[in-house]
Structure formats: structure tokens, C-alpha cells
Amino acid sequence: MFKATLSDVDLLRNSIPVIAEIIDEANFVADKNGISMLAPDRTMVSVVDFRLLSSAFDEFKAEEKVSLGLNLANLTSVLKRLKSGDKLTLSYDGKKLIVRVTGRSTRTFEIPLIDVKLEKPPIEQLAFNAKVHIDSSILEEGIADAEIISDSVFFEADPKTFSASAKGDISSARLEMKKGDEGLIDLQAAEHVRSQYPLDYLRKMVKASRLCPQAVLEFGKDYPMRLDFRLIDKLQMTFILAPRVSEE
């Protein structure tokens, strides 16, 4: 049996649509720890690791592990019908995910389950050379600036400085922060590290900043990056993105 009630509906309403821009279908697992999902996109360029902890729910009951194969577009369509102040109850009847929305009225949606066969990527094996803890809004601004110049962004870090830059044929954009600057919470890099990443994915990923005021960015030289958004005791959304090998 699985049944969970959530009053803070923004945790799902603002997270699943972000994931749906990258992943079209995935297996969600409900167990005693909460609801989780780990899936690559179809191109294998990115991975999304999502966890909504049981402590985020008003009530949470999962007597055994339940796997729910879902189309993200279908789930997003339902979640967009939620309003602040609504209460959401999720349950599983053995065939469908049942979504009950309680507010000024009670509305019930039934979402069919699908068979999703995706291998879980071994993201726990990744090790990074640079770690940047930054205000989410600053990172989002840097990505938006880079996007008007190019289709990719360079992240750079050394022991004292972090930057995000883009370069076009005649234009360029650069965000730079130094240790001690307001909004740069922490910076860890033993040496200079630089890597390039596609902006079409990053633009979608940084939309998670509406959920979390801070983000942790980790990367290496011509190496995958990890972008992590967390709300303590509530939610964790992690994105892994493959690098674009720089020709510079």
C-alpha cells in the first residue's frame, strides 16, 4: 500500500515540470524514505536524480517499495491544475496512480502507469575537482546572460574565483565572483579548472532555482558537472550534465 498527503504542493508543482523538460518518462519509487526518481534523458547527455523525502509530507505510508512508471507530460498536466492552498493526496491502486486534490472542492485524477525500462546510470562514481556553493538566482542570471551570446557556457574555478562565460563571433558575456563576495557561499578548487557545457540543458535545469535559494555546482576539466538543489528534510533535485569538449 502506498498513500501520501502533501500540503506544500509547490514541492511537486515546481519540480516535476522542470524534470519533464528533460526526461519524458521514468520510474518513480515510493518507499519508507519518500518518493525518488533516477533517470537519464533519451540522448544520455543528462541525468536527473529527484528525491522528495517522507518528512516533507503531512502523512506518508509505504508498506513496501512501489515502482510507478509515469509519463512526465501526463503528470505535469495534472500538477499544473494545483493551486497554493490545495492539499494533494497520492495513492496507488495496483494499476494507476491516483491524485486527489482537496481545496474548495475535491478533484480526482487517475494517471495510467507505463512500463519504463531504463538502466540507472552510475552517477555515484563521479568525482569533481571544483565545488561552488552559490545563490541560485546569480547562477540563473549567468546562464541567461550566456544564452544571448552562445549555445554553450564555460565554467571556470580556481582557489579564489568562479566564473561563467560565453563567447560568440563578436560578442561575449562573463559572470565572475571572488571568494568573499555576497552570494558566493563557498568555493573549493585546488587548481584552475575549466569546462564547457550546453546551454539548452542548463537553461532548463536552473529553473529549479524557484524551489531553492542556493545551488551547489560541481565540475572538472572536460568532465561532467553536477548541479544540486536541496531543501533540508524536504527535497533534493540533482542534475548531471555531460561536457561539450572545448576546441579552445
# chains A, B, ... in the order shown; residues from 1 in each chain; ligands from 1

call {"tool": "select_by_dssp", "arguments": {"residues": "segment 141-227 of chain A", "states": "alpha helix (DSSP H)", "output": "number ranges by chain"}}
result
A: 141-147, 199-205

call {"tool": "residues_around", "arguments": {"residues": "Ile16 of chain A", "least_positions_apart": "4", "cutoff": "8 Å", "atoms": "only C-alpha atoms", "output": "PyMOL selection string"}}
result
chain A and resi 12+20+72+75-76

call {"tool": "closest_residue", "arguments": {"among": "A:Pro40, A:Val78, A:Asn71, A:Leu90", "to": "Glu59 of chain A", "atoms": "only C-alpha atoms"}}
result
A:Leu90

call {"tool": "atom_distance", "arguments": {"atom1": "atom CA of Gln214 of chain A", "atom2": "atom CA of Val193 of chain A"}}
result
21.7 Å

call {"tool": "select_by_dssp", "arguments": {"residues": "segment 101-143 of chain A", "states": "strand (DSSP E)", "output": "list in words"}}
result
Val101, Thr102, Thr106, Arg107, Thr108, Phe109, Glu110, Ile111, Pro112, Ala130, Lys131, Val132, His133, Ile134 and Asp135 of chain A

call {"tool": "write_last_selection", "arguments": {"atoms": "C-alpha atoms", "output": "short mmCIF file (atom, residue, chain, number, x, y, z; two decimals), in the first residue's frame"}}
result
data_model
loop_
_atom_site.label_atom_id
_atom_site.label_comp_id
_atom_site.auth_asym_id
_atom_site.auth_seq_id
_atom_site.Cartn_x
_atom_site.Cartn_y
_atom_site.Cartn_z
CA VAL A 101 -6.68 17.41 -4.90
CA THR A 102 -8.57 18.91 -1.96
CA THR A 106 -12.28 17.61 -4.22
CA ARG A 107 -10.93 16.62 -7.61
CA THR A 108 -9.53 13.21 -8.52
CA PHE A 109 -7.20 12.30 -11.38
CA GLU A 110 -6.16 8.81 -12.41
CA ILE A 111 -2.81 8.55 -14.20
CA PRO A 112 -2.06 5.27 -16.01
CA ALA A 130 35.72 22.10 -8.17
CA LYS A 131 32.74 22.84 -5.94
CA VAL A 132 30.82 26.12 -5.99
CA HIS A 133 28.06 26.92 -3.49
CA ILE A 134 26.18 29.90 -4.88
CA ASP A 135 22.89 31.80 -4.71
#

call {"tool": "residues_around", "arguments": {"residues": "segment 141-144 of chain A", "least_positions_apart": "3", "cutoff": "7 Å", "atoms": "only C-alpha atoms", "output": "VMD selection string"}}
result
chain A and resid 137 to 138 147 to 148 164 175 203

call {"tool": "write_last_selection", "arguments": {"atoms": "N, CA and C atoms", "output": "PDB file, in the first residue's frame"}}
result
ATOM      1  N   SER A 137      19.815  32.408  -7.785  1.00  0.00           N
ATOM      2  CA  SER A 137      19.434  33.486  -8.698  1.00  0.00           C
ATOM      3  C   SER A 137      20.636  34.031  -9.460  1.00  0.00           C
ATOM      4  N   ILE A 138      21.805  34.044  -8.834  1.00  0.00           N
ATOM      5  CA  ILE A 138      23.017  34.527  -9.507  1.00  0.00           C
ATOM      6  C   ILE A 138      23.416  33.566 -10.616  1.00  0.00           C
ATOM      7  N   GLU A 147      23.349  32.765 -22.616  1.00  0.00           N
ATOM      8  CA  GLU A 147      22.471  32.253 -23.668  1.00  0.00           C
ATOM      9  C   GLU A 147      22.234  33.260 -24.787  1.00  0.00           C
ATOM     10  N   ILE A 148      22.371  34.547 -24.502  1.00  0.00           N
ATOM     11  CA  ILE A 148      22.176  35.551 -25.566  1.00  0.00           C
ATOM     12  C   ILE A 148      23.428  35.688 -26.444  1.00  0.00           C
ATOM     13  N   ALA A 164      31.476  32.198 -15.055  1.00  0.00           N
ATOM     14  CA  ALA A 164      30.681  31.564 -16.113  1.00  0.00           C
ATOM     15  C   ALA A 164      30.745  32.504 -17.301  1.00  0.00           C
ATOM     16  N   LEU A 175      30.297  36.276 -16.124  1.00  0.00           N
ATOM     17  CA  LEU A 175      29.930  36.437 -14.715  1.00  0.00           C
ATOM     18  C   LEU A 175      31.132  35.991 -13.903  1.00  0.00           C
ATOM     19  N   ARG A 203      19.750  25.753 -19.250  1.00  0.00           N
ATOM     20  CA  ARG A 203      18.623  26.689 -19.154  1.00  0.00           C
ATOM     21  C   ARG A 203      17.423  26.031 -18.483  1.00  0.00           C
TER      22      ARG A 203
END

call {"tool": "closest_residue", "arguments": {"among": "A:Pro198, A:Gly34, A:Pro159, A:Pro213", "to": "Leu53 of chain A", "atoms": "only C-alpha atoms"}}
result
A:Gly34

call {"tool": "residues_around", "arguments": {"residues": "Gln236 of chain A", "least_positions_apart": "4", "cutoff": "10 Å", "atoms": "only C-alpha atoms", "output": "list in words"}}
result
Ser15, Ser36, Asp49, Phe50, Arg51, Leu52, Leu53, Leu211, Cys212, Asp228, Phe229, Arg230, Leu231 and Ile232 of chain A

call {"tool": "residues_around", "arguments": {"residues": "segment 119-128 of chain A", "least_positions_apart": "5", "cutoff": "7 Å", "atoms": "only C-alpha atoms", "output": "list in words"}}
result
Leu38, Ala39, Glu218, Phe219 and Gly220 of chain A

call {"tool": "decode", "arguments": {"residues": "segment 192-215 of chain A", "atoms": "N, CA and C atoms", "output": "CSV table (one decimal), in the first residue's frame"}}
result
chain,number,residue,atom,x,y,z
A,192,HIS,N,43.2,25.5,-11.1
A,192,HIS,CA,42.4,26.0,-12.1
A,192,HIS,C,41.7,24.9,-12.8
A,193,VAL,N,40.3,25.0,-12.9
A,193,VAL,CA,39.5,24.0,-13.6
A,193,VAL,C,38.6,24.8,-14.6
A,194,ARG,N,38.5,24.2,-15.8
A,194,ARG,CA,37.6,24.8,-16.8
A,194,ARG,C,36.9,23.8,-17.7
A,195,SER,N,35.6,24.0,-17.9
A,195,SER,CA,34.9,23.0,-18.7
A,195,SER,C,33.7,23.7,-19.4
A,196,GLN,N,33.3,23.2,-20.5
A,196,GLN,CA,32.2,23.8,-21.4
A,196,GLN,C,31.0,22.9,-21.3
A,197,TYR,N,29.8,23.5,-21.2
A,197,TYR,CA,28.5,22.8,-21.2
A,197,TYR,C,27.5,23.4,-22.1
A,198,PRO,N,26.6,22.5,-22.6
A,198,PRO,CA,25.5,23.0,-23.5
A,198,PRO,C,24.4,23.8,-22.7
A,199,LEU,N,24.1,25.0,-23.2
A,199,LEU,CA,23.1,25.8,-22.6
A,199,LEU,C,21.7,25.4,-22.7
A,200,ASP,N,21.3,24.6,-23.7
A,200,ASP,CA,19.9,24.2,-23.9
A,200,ASP,C,19.5,23.3,-22.7
A,201,TYR,N,20.4,22.5,-22.2
A,201,TYR,CA,20.1,21.8,-21.0
A,201,TYR,C,20.2,22.6,-19.7
A,202,LEU,N,21.2,23.4,-19.6
A,202,LEU,CA,21.4,24.2,-18.4
A,202,LEU,C,20.2,25.2,-18.2
A,203,ARG,N,19.7,25.8,-19.2
A,203,ARG,CA,18.6,26.7,-19.2
A,203,ARG,C,17.4,26.0,-18.5
A,204,LYS,N,17.2,24.8,-18.8
A,204,LYS,CA,16.1,24.0,-18.2
A,204,LYS,C,16.4,23.7,-16.7
A,205,MET,N,17.6,23.3,-16.5
A,205,MET,CA,18.0,22.8,-15.1
A,205,MET,C,17.9,24.0,-14.1
A,206,VAL,N,18.3,25.2,-14.4
A,206,VAL,CA,18.4,26.3,-13.5
A,206,VAL,C,17.0,26.8,-13.1
A,207,LYS,N,15.9,26.3,-13.8
A,207,LYS,CA,14.6,26.6,-13.4
A,207,LYS,C,14.2,26.1,-12.0
A,208,ALA,N,15.0,25.1,-11.6
A,208,ALA,CA,14.8,24.6,-10.2
A,208,ALA,C,15.2,25.6,-9.2
A,209,SER,N,15.8,26.8,-9.5
A,209,SER,CA,16.1,27.8,-8.6
A,209,SER,C,14.9,28.4,-7.9
A,210,ARG,N,13.7,28.2,-8.5
A,210,ARG,CA,12.5,28.7,-7.9
A,210,ARG,C,12.1,27.9,-6.7
A,211,LEU,N,12.7,26.7,-6.5
A,211,LEU,CA,12.5,25.9,-5.4
A,211,LEU,C,13.5,26.2,-4.3
A,212,CYS,N,14.7,26.4,-4.6
A,212,CYS,CA,15.8,26.5,-3.6
A,212,CYS,C,16.6,27.8,-3.8
A,213,PRO,N,16.9,28.5,-2.7
A,213,PRO,CA,17.6,29.8,-2.9
A,213,PRO,C,19.1,29.6,-3.1
A,214,GLN,N,19.6,28.4,-2.9
A,214,GLN,CA,21.0,28.2,-3.2
A,214,GLN,C,21.2,26.9,-4.0
A,215,ALA,N,22.3,26.9,-4.7
A,215,ALA,CA,22.7,25.7,-5.5
A,215,ALA,C,24.1,25.4,-5.3
